$ cat query-v8.cif   # mmCIF, C-alpha atoms
data_input
#
loop_
_atom_site.group_PDB
_atom_site.id
_atom_site.type_symbol
_atom_site.label_atom_id
_atom_site.label_comp_id
_atom_site.auth_asym_id
_atom_site.auth_seq_id
_atom_site.Cartn_x
_atom_site.Cartn_y
_atom_site.Cartn_z
ATOM 1 C CA MET E 798 96.076 79.439 33.662
ATOM 2 C CA ARG E 799 94.593 77.907 36.796
ATOM 3 C CA PRO E 800 96.787 75.414 38.669
ATOM 4 C CA PRO E 801 95.378 71.929 39.156
ATOM 5 C CA GLY E 802 93.374 71.589 42.343
ATOM 6 C CA GLY E 803 92.454 68.838 44.715
ATOM 7 C CA ASP E 804 89.195 66.997 44.973
ATOM 8 C CA ALA E 805 87.584 67.621 48.363
ATOM 9 C CA THR E 806 85.386 64.547 47.897
ATOM 10 C CA ARG E 807 88.418 62.248 47.726
ATOM 11 C CA LEU E 808 90.442 62.738 50.914
ATOM 12 C CA ALA E 809 92.464 60.316 53.012
ATOM 13 C CA VAL E 810 94.839 60.721 55.925
ATOM 14 C CA ALA E 811 97.996 58.785 56.636
ATOM 15 C CA GLY E 812 100.791 58.897 59.137
ATOM 16 C CA ASP E 813 103.634 57.018 60.711
ATOM 17 C CA SER E 814 104.225 56.913 64.491
ATOM 18 C CA ALA E 815 103.278 60.384 65.837
ATOM 19 C CA GLY E 816 101.953 61.078 62.338
ATOM 20 C CA GLY E 817 99.669 58.067 62.808
ATOM 21 C CA ASN E 818 98.415 59.791 65.943
ATOM 22 C CA LEU E 819 97.651 62.934 63.958
ATOM 23 C CA ALA E 820 95.899 60.968 61.194
ATOM 24 C CA ALA E 821 93.727 59.130 63.736
ATOM 25 C CA CYS E 822 92.933 62.401 65.552
ATOM 26 C CA ILE E 823 91.978 64.082 62.276
ATOM 27 C CA SER E 824 89.701 61.133 61.507
ATOM 28 C CA LEU E 825 87.915 61.589 64.833
ATOM 29 C CA LEU E 826 87.669 65.348 64.417
ATOM 30 C CA ALA E 827 86.379 65.136 60.839
ATOM 31 C CA ARG E 828 83.735 62.626 61.905
ATOM 32 C CA ASP E 829 82.652 64.730 64.881
ATOM 33 C CA LEU E 830 82.507 67.940 62.841
ATOM 34 C CA GLY E 831 80.798 66.220 59.918
ATOM 35 C CA SER E 832 83.417 67.441 57.479
ATOM 36 C CA PRO E 833 85.517 66.733 55.586
ATOM 37 C CA LYS E 834 84.426 63.213 54.752
ATOM 38 C CA LEU E 835 87.511 61.033 54.786
ATOM 39 C CA LEU E 836 87.667 57.955 52.589
ATOM 40 C CA HIS E 837 90.480 56.218 54.411
ATOM 41 C CA GLN E 838 93.069 56.347 57.182
ATOM 42 C CA THR E 839 96.452 54.646 56.992
ATOM 43 C CA LEU E 840 98.303 54.301 60.268
ATOM 44 C CA VAL E 841 101.849 52.940 60.368
ATOM 45 C CA CYS E 842 103.205 51.986 63.809
ATOM 46 C CA PRO E 843 100.785 54.536 65.300
ATOM 47 C CA TRP E 844 101.213 56.200 68.674
ATOM 48 C CA VAL E 845 97.527 56.430 69.553
ATOM 49 C CA ASP E 846 97.691 56.602 73.351
ATOM 50 C CA LEU E 847 99.977 59.153 74.980
ATOM 51 C CA SER E 848 98.613 58.496 78.473
ATOM 52 C CA PRO E 849 100.748 56.935 81.206
ATOM 53 C CA ALA E 850 98.249 54.042 81.261
ATOM 54 C CA ALA E 851 99.588 52.976 77.862
ATOM 55 C CA GLU E 852 102.859 52.082 79.537
ATOM 56 C CA ALA E 853 101.199 48.960 80.981
ATOM 57 C CA ALA E 854 101.100 47.345 77.523
ATOM 58 C CA GLU E 855 103.206 44.229 76.995
ATOM 59 C CA SER E 856 104.982 45.689 73.964
ATOM 60 C CA PHE E 857 105.910 48.749 76.024
ATOM 61 C CA HIS E 858 107.672 46.531 78.558
ATOM 62 C CA MET E 859 109.213 44.168 76.041
ATOM 63 C CA PHE E 860 110.607 46.844 73.734
ATOM 64 C CA GLY E 861 110.818 49.923 75.955
ATOM 65 C CA GLN E 862 114.594 49.727 75.879
ATOM 66 C CA GLY E 863 114.578 49.277 72.127
ATOM 67 C CA LEU E 864 117.285 50.398 69.763
ATOM 68 C CA TRP E 865 115.022 52.567 67.635
ATOM 69 C CA LEU E 866 112.220 53.967 69.812
ATOM 70 C CA SER E 867 112.374 53.642 73.594
ATOM 71 C CA ALA E 868 110.273 54.518 76.619
ATOM 72 C CA THR E 869 112.725 57.337 77.302
ATOM 73 C CA GLY E 870 112.221 58.657 73.776
ATOM 74 C CA LEU E 871 108.437 58.479 74.057
ATOM 75 C CA GLY E 872 108.595 60.363 77.343
ATOM 76 C CA TRP E 873 110.697 63.087 75.719
ATOM 77 C CA PHE E 874 108.282 63.391 72.783
ATOM 78 C CA ARG E 875 105.256 63.480 75.088
ATOM 79 C CA ARG E 876 106.800 66.219 77.269
ATOM 80 C CA HIS E 877 107.446 68.332 74.185
ATOM 81 C CA TYR E 878 104.001 67.736 72.674
ATOM 82 C CA LEU E 879 101.743 68.250 75.684
ATOM 83 C CA GLN E 880 101.531 71.285 77.929
ATOM 84 C CA ASN E 881 100.537 68.973 80.780
ATOM 85 C CA LEU E 882 99.949 65.260 81.222
ATOM 86 C CA ASP E 883 96.201 65.732 81.789
ATOM 87 C CA GLN E 884 95.859 66.468 78.064
ATOM 88 C CA ALA E 885 96.811 62.850 77.307
ATOM 89 C CA SER E 886 93.342 61.635 78.343
ATOM 90 C CA SER E 887 91.655 63.551 75.514
ATOM 91 C CA PRO E 888 90.727 61.445 72.465
ATOM 92 C CA LEU E 889 92.061 64.296 70.323
ATOM 93 C CA VAL E 890 95.477 63.587 71.815
ATOM 94 C CA SER E 891 95.085 59.854 72.478
ATOM 95 C CA PRO E 892 92.564 58.562 69.921
ATOM 96 C CA LEU E 893 92.706 55.049 71.383
ATOM 97 C CA ARG E 894 90.915 56.545 74.411
ATOM 98 C CA SER E 895 87.908 57.589 72.306
ATOM 99 C CA PRO E 896 84.607 56.322 73.721
ATOM 100 C CA ASP E 897 83.259 55.877 70.178
ATOM 101 C CA PHE E 898 84.814 54.553 66.980
ATOM 102 C CA LEU E 899 81.601 54.432 64.941
ATOM 103 C CA GLY E 900 81.627 56.278 61.652
ATOM 104 C CA LEU E 901 85.389 56.516 61.284
ATOM 105 C CA PRO E 902 86.880 55.940 57.833
ATOM 106 C CA PRO E 903 88.110 52.500 56.791
ATOM 107 C CA ALA E 904 91.659 51.885 57.914
ATOM 108 C CA LEU E 905 94.911 50.165 57.177
ATOM 109 C CA VAL E 906 96.889 49.671 60.388
ATOM 110 C CA LEU E 907 100.454 48.383 60.155
ATOM 111 C CA THR E 908 102.442 47.256 63.188
ATOM 112 C CA ALA E 909 105.983 45.968 63.695
ATOM 113 C CA GLU E 910 107.013 43.059 65.901
ATOM 114 C CA PHE E 911 109.822 44.786 67.802
ATOM 115 C CA ASP E 912 107.976 48.042 68.423
ATOM 116 C CA ILE E 913 107.118 49.599 71.751
ATOM 117 C CA LEU E 914 103.855 50.799 70.110
ATOM 118 C CA ALA E 915 102.794 47.462 68.580
ATOM 119 C CA ASP E 916 100.041 46.820 71.132
ATOM 120 C CA GLN E 917 98.585 50.291 70.571
ATOM 121 C CA GLY E 918 98.276 49.698 66.837
ATOM 122 C CA ARG E 919 96.650 46.309 67.376
ATOM 123 C CA SER E 920 94.238 47.741 69.958
ATOM 124 C CA TYR E 921 93.256 50.641 67.719
ATOM 125 C CA GLY E 922 92.515 48.243 64.865
ATOM 126 C CA GLU E 923 90.417 46.077 67.186
ATOM 127 C CA CYS E 924 88.446 49.115 68.396
ATOM 128 C CA LEU E 925 87.721 50.138 64.815
ATOM 129 C CA ARG E 926 86.693 46.604 63.852
ATOM 130 C CA GLY E 927 84.497 46.354 66.956
ATOM 131 C CA ALA E 928 82.664 49.490 65.814
ATOM 132 C CA GLY E 929 82.049 48.006 62.373
ATOM 133 C CA VAL E 930 84.743 50.051 60.624
ATOM 134 C CA PRO E 931 86.437 48.098 57.811
ATOM 135 C CA VAL E 932 90.022 47.495 58.900
ATOM 136 C CA THR E 933 92.981 45.786 57.332
ATOM 137 C CA ARG E 934 95.671 45.026 59.864
ATOM 138 C CA ALA E 935 99.126 43.790 59.002
ATOM 139 C CA HIS E 936 101.782 42.835 61.511
ATOM 140 C CA TYR E 937 105.354 42.709 60.201
ATOM 141 C CA SER E 938 107.446 40.090 61.964
ATOM 142 C CA GLY E 939 111.054 40.905 62.667
ATOM 143 C CA MET E 940 110.573 44.631 62.026
ATOM 144 C CA LEU E 941 111.367 47.673 64.182
ATOM 145 C CA HIS E 942 109.320 50.822 64.716
ATOM 146 C CA ASP E 943 109.162 52.974 61.554
ATOM 147 C CA PHE E 944 110.623 50.205 59.389
ATOM 148 C CA VAL E 945 108.504 51.468 56.486
ATOM 149 C CA THR E 946 110.655 54.589 56.241
ATOM 150 C CA LEU E 947 113.782 52.493 55.648
ATOM 151 C CA PRO E 948 113.172 50.241 52.635
ATOM 152 C CA GLY E 949 116.898 50.224 51.877
ATOM 153 C CA LEU E 950 117.517 48.442 55.198
ATOM 154 C CA PHE E 951 114.334 46.427 55.621
ATOM 155 C CA LEU E 952 113.052 44.613 52.541
ATOM 156 C CA PRO E 953 109.581 44.057 54.106
ATOM 157 C CA ALA E 954 109.186 47.840 53.974
ATOM 158 C CA TRP E 955 108.606 47.475 50.227
ATOM 159 C CA GLU E 956 105.722 45.085 50.912
ATOM 160 C CA ALA E 957 104.271 47.583 53.402
ATOM 161 C CA ILE E 958 104.647 50.437 50.907
ATOM 162 C CA GLY E 959 102.831 48.303 48.331
ATOM 163 C CA GLN E 960 100.076 47.573 50.848
ATOM 164 C CA ILE E 961 99.685 51.279 51.632
ATOM 165 C CA THR E 962 99.587 52.162 47.943
ATOM 166 C CA ALA E 963 96.981 49.474 47.219
ATOM 167 C CA ALA E 964 94.796 50.599 50.140
ATOM 168 C CA LEU E 965 94.865 54.220 49.017
ATOM 169 C CA ARG E 966 94.207 53.304 45.386
ATOM 170 C CA GLY E 967 91.273 51.183 46.484
ATOM 171 C CA ALA E 968 89.831 53.973 48.623
ATOM 172 C CA PHE E 969 90.168 56.566 45.854
ATOM 173 C CA ASN E 970 88.806 54.262 43.165
ATOM 174 C CA GLN E 971 85.645 53.630 45.199
ATOM 175 C CA ALA E 972 84.971 57.363 45.536
#
$ encode --input "query-v8.cif" --output "structure tokens"
Amino acid sequence: MRPPGGDATRLAVAGDSAGGNLAACISLLARDLGSPKLLHQTLVCPWVDLSPAAEAAESFHMFGQGLWLSATGLGWFRRHYLQNLDQASSPLVSPLRSPDFLGLPPALVLTAEFDILADQGRSYGECLRGAGVPVTRAHYSGMLHDFVTLPGLFLPAWEAIGQITAALRGAFNQA
């Protein structure tokens, strides 16, 4: 008996924080390579710019000493992800630095109010929208970075999970 398989014509990517970075990078790569065609990208509190320039963002300064994710933590993650800081300028490391957002899959971008990465998520959504990519953006007031992973602590996480589920259902039902 053959195990059930996937449907290569119905693919989406999703990720939270650094996973949002990977999902956005895969979206760029798939577009540039012409395959696979992605129906959707869901990015939750995405880290889409690893460059030092990203540290000028208001949310970076306001929440860089945050309880959940801090500037120190981001620096540690970046040092362990990159071989050298020059790599951070590549759109396949920092998708917010892409010169072109045309042709990327529709997106759901969720951000949290008290998140060092909030401005990056908003900016990425604006870049997609500016390129004509359908984008749904939702900003969750009063929430911390990665709140979606803690629905037992943050009731709005359930709303976000419902929003993610609805976006993915919509993308797959249109395919």
$ resolve_selection --input "query-v8.cif" --expression "the PyMOL selection byres ((chain E and resi 874-889) around 12)" --output "VMD selection string"
chain E and resid 814 to 815 818 to 829 844 to 851 866 to 873 890 to 898
$ closest_residue --input "query-v8.cif" --among "E:Phe969, E:Pro903, E:Glu852, E:Gly817" --to "E:His837" --atoms "only C-alpha atoms"
E:Pro903
$ atom_distance --input "query-v8.cif" --atom1 "atom CA of E:Leu925" --atom2 "atom CA of E:Ile961"
17.8 Å
$ atom_distance --input "query-v8.cif" --atom1 "atom CA of E:Asp943" --atom2 "atom CA of E:Leu965"
19.1 Å
$ closest_residue --input "query-v8.cif" --among "E:Glu956, E:Asp804, E:Glu923, E:Glu910" --to "E:Tyr937" --atoms "only C-alpha atoms"
E:Glu910
$ closest_residue --input "query-v8.cif" --among "E:Leu952, E:Asp912, E:Ala809, E:Gly922" --to "E:Phe860" --atoms "only C-alpha atoms"
E:Asp912
$ atom_distance --input "query-v8.cif" --atom1 "atom CA of E:Ala935" --atom2 "atom CA of E:Ser832"
28.4 Å
$ closest_residue --input "query-v8.cif" --among "E:Ile913, E:Ala964, E:Leu830, E:Leu950" --to "E:Ala811" --atoms "all atoms listed in the file"
E:Ala964
$ resolve_selection --input "query-v8.cif" --expression "the PyMOL selection byres ((chain E and resi 840-842) around 6)" --output "list in words"
Ala811, Gly812, Asp813, Ser814, Gly817, Thr839, Pro843, Val906, Leu907 and Thr908 of chain E
$ residues_around --input "query-v8.cif" --residues "E:Ser856" --least-positions-apart "2" --cutoff "8 Å" --atoms "only C-alpha atoms" --output "list in words"
Ala854, His858, Met859, Phe860, Gly861, Phe911, Asp912, Ile913, Leu914, Ala915 and Asp916 of chain E
$ closest_residue --input "query-v8.cif" --among "E:Trp865, E:Phe951, E:Arg934, E:Asn970" --to "E:Tyr921" --atoms "all atoms listed in the file"
E:Arg934
